[in-house]
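Shown here: target_32.txt, compact mmCIF, C-alpha atoms.
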# COMPACT_ATOMS: atom_id res chain seq x y z
CA MET M 13 103.63 50.47 66.41
CA ASN M 14 101.31 52.42 64.12
CA LYS M 15 99.26 53.77 67.08
CA PHE M 16 102.44 54.74 68.91
CA LEU M 17 103.69 56.63 65.84
CA ARG M 18 100.39 58.52 65.48
CA PHE M 19 100.41 59.40 69.19
CA SER M 20 104.00 60.67 68.91
CA VAL M 21 103.16 62.86 65.94
CA LEU M 22 100.13 64.30 67.76
CA ALA M 23 102.22 64.99 70.87
CA ILE M 24 104.85 66.82 68.80
CA LEU M 25 102.16 68.88 67.06
CA ALA M 26 100.64 69.83 70.41
CA ILE M 27 104.02 71.02 71.69
CA VAL M 28 104.67 73.06 68.54
CA CYS M 29 101.20 74.64 68.65
CA ASN M 30 101.54 75.56 72.33
CA ALA M 31 104.94 77.13 71.71
CA SER M 32 103.65 79.17 68.77
CA PHE M 33 100.88 80.71 70.89
CA ALA M 34 103.08 81.47 73.91
CA GLN M 35 103.38 85.11 74.88
CA THR M 36 106.63 86.84 75.60
CA VAL M 37 106.20 89.49 78.26
CA ILE M 38 108.50 92.42 77.59
CA TRP M 39 107.22 94.73 80.30
CA GLN M 40 104.68 94.52 83.08
CA GLU M 41 103.80 96.69 86.04
CA ASP M 42 101.22 96.22 88.75
CA TRP M 43 102.77 98.68 91.24
CA SER M 44 103.17 95.85 93.80
CA THR M 45 106.71 97.01 94.64
CA ALA M 46 105.51 100.56 95.34
CA THR M 47 104.25 102.18 98.50
CA LYS M 48 101.67 104.91 98.94
CA ASP M 49 102.72 108.38 97.72
CA GLN M 50 105.78 107.16 95.80
CA THR M 51 106.20 108.66 92.35
CA PRO M 52 106.86 106.52 89.26
CA THR M 53 110.54 107.55 89.33
CA ASP M 54 110.75 106.31 92.94
CA VAL M 55 109.52 102.90 91.73
CA LYS M 56 111.89 102.46 88.74
CA ALA M 57 114.56 104.69 87.24
CA ASN M 58 113.25 104.22 83.69
CA TYR M 59 109.87 105.75 84.68
CA THR M 60 109.23 109.48 84.52
CA PHE M 61 106.13 111.60 85.11
CA ASP M 62 104.55 115.03 84.78
CA ASN M 63 102.14 116.26 87.41
CA GLY M 64 100.01 118.25 84.95
CA GLY M 65 97.15 119.74 86.98
CA GLY M 66 97.65 117.63 90.11
CA THR M 67 99.94 114.97 91.58
CA THR M 68 100.97 111.74 89.89
CA LYS M 69 101.72 109.14 92.60
CA ILE M 70 100.97 105.67 93.93
CA TYR M 71 97.57 105.48 95.61
CA ASN M 72 95.72 102.32 96.75
CA GLU M 73 98.07 99.97 94.87
CA ALA M 74 97.63 101.73 91.53
CA LEU M 75 99.26 104.69 89.82
CA LEU M 76 97.15 107.82 90.13
CA VAL M 77 97.87 109.85 86.97
CA ALA M 78 97.20 113.52 87.66
CA LYS M 79 94.21 115.22 86.07
CA ASN M 80 94.54 117.80 83.29
CA LYS M 81 97.45 116.35 81.31
CA GLY M 82 99.33 114.57 84.08
CA SER M 83 101.38 111.78 82.56
CA PHE M 84 103.50 108.70 83.17
CA THR M 85 106.27 107.60 80.78
CA ALA M 86 107.99 104.22 80.70
CA ASN M 87 111.16 103.63 78.69
CA ILE M 88 111.17 99.90 78.00
CA VAL M 89 114.28 97.99 76.92
CA LEU M 90 113.19 95.63 74.13
CA ASN M 91 116.15 93.22 74.10
CA GLY M 92 115.80 92.64 70.35
CA ALA M 93 112.00 92.30 70.30
CA SER M 94 110.15 93.97 67.42
CA GLY M 95 106.98 93.64 65.36
CA ASP M 96 103.38 93.90 66.51
CA MET M 97 103.03 93.93 70.28
CA THR M 98 99.90 94.06 72.42
CA LEU M 99 99.70 96.42 75.38
CA ARG M 100 97.00 95.71 77.96
CA PHE M 101 96.20 97.76 81.05
CA LYS M 102 93.38 98.91 83.31
CA THR M 103 92.19 102.46 83.88
CA ASN M 104 89.06 104.08 85.23
CA LYS M 105 89.28 107.24 83.09
CA THR M 106 90.32 108.32 79.62
CA ILE M 107 94.06 107.82 79.04
CA GLU M 108 95.84 108.84 75.85
CA ILE M 109 98.85 106.76 74.80
CA THR M 110 101.70 108.16 72.72
CA SER M 111 105.17 106.97 71.84
CA GLY M 112 108.31 109.07 71.58
CA THR M 113 110.15 106.30 69.72
CA ALA M 114 110.88 106.86 66.02
CA GLY M 115 109.04 104.54 63.63
CA VAL M 116 106.59 103.20 66.21
CA THR M 117 102.92 103.17 65.25
CA LEU M 118 99.98 102.75 67.61
CA GLY M 119 96.77 101.01 66.63
CA GLU M 120 93.30 101.89 67.83
CA LEU M 121 92.74 101.67 71.58
CA THR M 122 89.94 99.26 72.47
CA LYS M 123 87.94 99.49 75.70
CA ASN M 124 85.98 96.92 77.65
CA GLY M 125 84.95 98.35 81.01
CA ASN M 126 88.20 99.35 82.70
CA ASP M 127 90.29 97.06 80.45
CA ARG M 128 92.21 98.66 77.59
CA GLU M 129 94.20 97.11 74.74
CA ILE M 130 96.24 98.58 71.91
CA THR M 131 98.57 97.11 69.26
CA ILE M 132 101.98 98.74 68.99
CA SER M 133 104.11 98.15 65.89
CA VAL M 134 107.83 98.41 66.62
CA PRO M 135 110.41 98.39 63.80
CA SER M 136 113.32 95.95 64.06
CA GLY M 137 116.46 97.43 65.51
CA THR M 138 114.55 99.53 68.06
CA ALA M 139 116.44 99.30 71.36
CA THR M 140 114.03 101.14 73.67
CA LEU M 141 110.30 101.81 73.43
CA SER M 142 109.05 104.99 75.07
CA LEU M 143 105.34 105.00 76.00
CA THR M 144 103.51 107.90 77.63
CA PHE M 145 100.12 107.57 79.34
CA THR M 146 98.39 110.96 79.69
CA SER M 147 95.23 111.76 81.63
CA THR M 148 92.92 113.74 79.37
CA THR M 149 90.13 114.47 81.83
CA SER M 150 89.57 116.85 84.72
CA SER M 151 89.75 113.88 87.12
CA ASN M 152 92.70 111.77 88.23
CA ALA M 153 93.01 108.46 86.37
CA ARG M 154 94.05 105.17 87.95
CA LEU M 155 96.47 103.10 85.89
CA ASP M 156 97.13 99.47 86.84
CA ASP M 157 97.90 95.92 85.68
CA ILE M 158 100.02 96.85 82.69
Re-express the file's structure as structure tokens.
Amino acid sequence: MNKFLRFSVLAILAIVCNASFAQTVIWQEDWSTATKDQTPTDVKANYTFDNGGGTTKIYNEALLVAKNKGSFTANIVLNGASGDMTLRFKTNKTIEITSGTAGVTLGELTKNGNDREITISVPSGTATLSLTFTSTTSSNARLDDI
């Protein structure tokens, strides 16, 4: 009986620990529903874009963000989520991230090859998070696996 009780307690602890480390995905995009030359707005209504110095469009299963200040904006419904959130994505060039949502703060962007990660702090009560990805170089930037 004593061994069974210990095993039960360990099993319950394992379940609780796994649940506490689970991630809730609020938004993801890999452009798999898009076709070549579509714009972000063609993919989803809550996406907008600015062509800057070129053309922002789907190219080779990624979003090609136009050079010279081309941008892509996603307006993400949070469904009550708030606090510190982690945004991960891939890009081959320098991308600047900004938020047009009041009270939101962005941490420092970390880079590891083409992988990028940034912490976003969202105050409670925020209904929609607006994130803008802007190309800051004279070359088009690929944006994928958000």
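Between CA of Ile70 in chain M and CA of Ser142 in chain M lies a distance of 20.5 Å.
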Worksheet entry | Nearest-residue call for Gly115 in chain M, choices M:Lys102, M:Trp39, M:Thr138, M:Ala46, using only C-alpha atoms | M:Thr138
Worksheet item: Of the candidates M:Arg100, M:Val116, M:Ser150, M:Glu108, which shows the shortest atom-to-atom distance to Ile130 in chain M, using all atoms listed in the file?
Response: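 Smallest separation from Ile130 in chain M among the options: M:Arg100.
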Box for range 99-110 of chain M - axis-aligned, 4 Å on each of the six sides, all listed atoms - centre and size in Å to one decimal, as AutoDock Vina command-line options.
--center_x 95.4 --center_y 102.3 --center_z 79.0 --size_x 20.6 --size_y 21.1 --size_z 20.5
Worksheet item: What is the CA of Leu143 in chain M to CA of Pro52 in chain M distance in Å?
Response: 13.4 Å
Worksheet item: Quick one: of M:Thr140, M:Asn63, M:Ser133, M:Thr117, who's nearest to Ile88 in chain M, counting all atoms listed in the file?
Response: M:Thr140
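Between CA of Phe145 in chain M and CA of Ser83 in chain M the separation is 5.4 Å.
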Worksheet entry | Residues near Thr149 in chain M, cut-off 7 Å, all atoms listed in the file, skip fewer than 5 positions along chain, as a PyMOL selection string | chain M and resi 79-80+106
Practice prompt. Identify the residues around (98.0, 97.6, 92.2) within a radius of 6 Å, measuring from all atoms listed in the file in the coordinates stated by the file, and give them as a count of residues only.
Written response: 6
Worksheet item: Between M:Thr47, M:Ser151, M:Thr113, M:Asn87, which is the closest to Pro135 in chain M once you count all atoms listed in the file?
Response: M:Thr113
Fill in: Within-9 Å shell of (100.8, 94.4, 70.1) in input frame, only C-alpha atoms, as a list in words
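Returned residue set, sorted by chain then number, is Gly95, Asp96, Met97, Thr98, Leu99, Arg100, Leu118, Gly119, Glu129, Ile130, Thr131, Ile132, Ser133 and Val134 of chain M.
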Worksheet item: From the set M:Ala57, M:Phe84, M:Leu141, M:Glu120, which residue has the shortest atom-to-atom contact distance to Ala153 in chain M, counting only C-alpha atoms?
Response: M:Phe84
Worksheet entry | Residue neighbourhood Lys81 in chain M, 7 Å, all atoms listed in the file, exclusion window fewer than 2 positions, as a list in words | Gly64, Gly65, Ala78, Lys79, Ser83, Thr146, Ser147 and Thr148 of chain M
Since fewer atoms than expected are present, regenerate N, CA, C and O atoms for range 133-157 of chain M and write them as a PDB file, keeping the file's coordinate frame.
ATOM      1  N   SER M 133     103.199  98.704  66.890  1.00  0.00           N
ATOM      2  CA  SER M 133     104.110  98.150  65.890  1.00  0.00           C
ATOM      3  C   SER M 133     105.481  98.795  66.079  1.00  0.00           C
ATOM      4  O   SER M 133     105.620 100.012  65.986  1.00  0.00           O
ATOM      5  N   VAL M 134     106.476  97.948  66.334  1.00  0.00           N
ATOM      6  CA  VAL M 134     107.830  98.410  66.620  1.00  0.00           C
ATOM      7  C   VAL M 134     108.767  97.910  65.524  1.00  0.00           C
ATOM      8  O   VAL M 134     108.841  96.704  65.275  1.00  0.00           O
ATOM      9  N   PRO M 135     109.484  98.836  64.847  1.00  0.00           N
ATOM     10  CA  PRO M 135     110.410  98.390  63.800  1.00  0.00           C
ATOM     11  C   PRO M 135     111.606  97.635  64.377  1.00  0.00           C
ATOM     12  O   PRO M 135     112.017  97.882  65.504  1.00  0.00           O
ATOM     13  N   SER M 136     112.149  96.698  63.587  1.00  0.00           N
ATOM     14  CA  SER M 136     113.320  95.950  64.060  1.00  0.00           C
ATOM     15  C   SER M 136     114.483  96.914  64.252  1.00  0.00           C
ATOM     16  O   SER M 136     114.589  97.936  63.582  1.00  0.00           O
ATOM     17  N   GLY M 137     115.320  96.580  65.205  1.00  0.00           N
ATOM     18  CA  GLY M 137     116.460  97.430  65.510  1.00  0.00           C
ATOM     19  C   GLY M 137     116.169  98.489  66.565  1.00  0.00           C
ATOM     20  O   GLY M 137     117.060  99.228  66.957  1.00  0.00           O
ATOM     21  N   THR M 138     114.910  98.563  67.024  1.00  0.00           N
ATOM     22  CA  THR M 138     114.550  99.530  68.060  1.00  0.00           C
ATOM     23  C   THR M 138     115.027  98.994  69.408  1.00  0.00           C
ATOM     24  O   THR M 138     114.629  97.912  69.823  1.00  0.00           O
ATOM     25  N   ALA M 139     115.865  99.760  70.082  1.00  0.00           N
ATOM     26  CA  ALA M 139     116.440  99.300  71.360  1.00  0.00           C
ATOM     27  C   ALA M 139     115.509  99.559  72.527  1.00  0.00           C
ATOM     28  O   ALA M 139     115.364  98.719  73.409  1.00  0.00           O
ATOM     29  N   THR M 140     114.872 100.738  72.539  1.00  0.00           N
ATOM     30  CA  THR M 140     114.030 101.140  73.670  1.00  0.00           C
ATOM     31  C   THR M 140     112.722 101.712  73.149  1.00  0.00           C
ATOM     32  O   THR M 140     112.713 102.518  72.218  1.00  0.00           O
ATOM     33  N   LEU M 141     111.635 101.308  73.763  1.00  0.00           N
ATOM     34  CA  LEU M 141     110.300 101.810  73.430  1.00  0.00           C
ATOM     35  C   LEU M 141     109.864 102.771  74.523  1.00  0.00           C
ATOM     36  O   LEU M 141     109.831 102.412  75.695  1.00  0.00           O
ATOM     37  N   SER M 142     109.536 103.986  74.125  1.00  0.00           N
ATOM     38  CA  SER M 142     109.050 104.990  75.070  1.00  0.00           C
ATOM     39  C   SER M 142     107.536 105.122  74.913  1.00  0.00           C
ATOM     40  O   SER M 142     107.042 105.422  73.827  1.00  0.00           O
ATOM     41  N   LEU M 143     106.797 104.876  76.007  1.00  0.00           N
ATOM     42  CA  LEU M 143     105.340 105.000  76.000  1.00  0.00           C
ATOM     43  C   LEU M 143     104.913 105.990  77.070  1.00  0.00           C
ATOM     44  O   LEU M 143     105.368 105.907  78.208  1.00  0.00           O
ATOM     45  N   THR M 144     104.029 106.911  76.683  1.00  0.00           N
ATOM     46  CA  THR M 144     103.510 107.900  77.630  1.00  0.00           C
ATOM     47  C   THR M 144     102.012 107.744  77.752  1.00  0.00           C
ATOM     48  O   THR M 144     101.299 107.693  76.752  1.00  0.00           O
ATOM     49  N   PHE M 145     101.536 107.675  78.993  1.00  0.00           N
ATOM     50  CA  PHE M 145     100.120 107.570  79.340  1.00  0.00           C
ATOM     51  C   PHE M 145      99.714 108.931  79.914  1.00  0.00           C
ATOM     52  O   PHE M 145     100.247 109.322  80.949  1.00  0.00           O
ATOM     53  N   THR M 146      98.779 109.616  79.261  1.00  0.00           N
ATOM     54  CA  THR M 146      98.390 110.960  79.690  1.00  0.00           C
ATOM     55  C   THR M 146      96.914 110.994  80.048  1.00  0.00           C
ATOM     56  O   THR M 146      96.069 110.531  79.289  1.00  0.00           O
ATOM     57  N   SER M 147      96.616 111.573  81.199  1.00  0.00           N
ATOM     58  CA  SER M 147      95.230 111.760  81.630  1.00  0.00           C
ATOM     59  C   SER M 147      94.643 112.923  80.843  1.00  0.00           C
ATOM     60  O   SER M 147      95.212 114.008  80.817  1.00  0.00           O
ATOM     61  N   THR M 148      93.515 112.703  80.209  1.00  0.00           N
ATOM     62  CA  THR M 148      92.920 113.740  79.370  1.00  0.00           C
ATOM     63  C   THR M 148      91.640 114.318  79.955  1.00  0.00           C
ATOM     64  O   THR M 148      90.923 115.044  79.281  1.00  0.00           O
ATOM     65  N   THR M 149      91.361 113.987  81.209  1.00  0.00           N
ATOM     66  CA  THR M 149      90.130 114.470  81.830  1.00  0.00           C
ATOM     67  C   THR M 149      90.440 115.386  83.010  1.00  0.00           C
ATOM     68  O   THR M 149      91.588 115.534  83.412  1.00  0.00           O
ATOM     69  N   SER M 150      89.405 115.972  83.565  1.00  0.00           N
ATOM     70  CA  SER M 150      89.570 116.850  84.720  1.00  0.00           C
ATOM     71  C   SER M 150      89.571 116.074  86.036  1.00  0.00           C
ATOM     72  O   SER M 150      89.498 116.659  87.111  1.00  0.00           O
ATOM     73  N   SER M 151      89.668 114.741  85.953  1.00  0.00           N
ATOM     74  CA  SER M 151      89.750 113.880  87.120  1.00  0.00           C
ATOM     75  C   SER M 151      91.019 113.041  87.047  1.00  0.00           C
ATOM     76  O   SER M 151      91.508 112.734  85.956  1.00  0.00           O
ATOM     77  N   ASN M 152      91.552 112.668  88.204  1.00  0.00           N
ATOM     78  CA  ASN M 152      92.700 111.770  88.230  1.00  0.00           C
ATOM     79  C   ASN M 152      92.304 110.424  87.643  1.00  0.00           C
ATOM     80  O   ASN M 152      91.174 109.979  87.787  1.00  0.00           O
ATOM     81  N   ALA M 153      93.249 109.768  86.969  1.00  0.00           N
ATOM     82  CA  ALA M 153      93.010 108.460  86.370  1.00  0.00           C
ATOM     83  C   ALA M 153      93.858 107.417  87.080  1.00  0.00           C
ATOM     84  O   ALA M 153      95.042 107.654  87.323  1.00  0.00           O
ATOM     85  N   ARG M 154      93.273 106.283  87.390  1.00  0.00           N
ATOM     86  CA  ARG M 154      94.050 105.170  87.950  1.00  0.00           C
ATOM     87  C   ARG M 154      94.559 104.312  86.807  1.00  0.00           C
ATOM     88  O   ARG M 154      93.823 103.987  85.880  1.00  0.00           O
ATOM     89  N   LEU M 155      95.825 103.928  86.905  1.00  0.00           N
ATOM     90  CA  LEU M 155      96.470 103.100  85.890  1.00  0.00           C
ATOM     91  C   LEU M 155      97.043 101.885  86.604  1.00  0.00           C
ATOM     92  O   LEU M 155      97.795 102.024  87.582  1.00  0.00           O
ATOM     93  N   ASP M 156      96.696 100.675  86.137  1.00  0.00           N
ATOM     94  CA  ASP M 156      97.130  99.470  86.840  1.00  0.00           C
ATOM     95  C   ASP M 156      97.198  98.279  85.896  1.00  0.00           C
ATOM     96  O   ASP M 156      96.697  98.317  84.771  1.00  0.00           O
ATOM     97  N   ASP M 157      97.817  97.205  86.374  1.00  0.00           N
ATOM     98  CA  ASP M 157      97.900  95.920  85.680  1.00  0.00           C
ATOM     99  C   ASP M 157      98.354  96.043  84.230  1.00  0.00           C
ATOM    100  O   ASP M 157      97.701  95.551  83.314  1.00  0.00           O
TER     101      ASP M 157
END
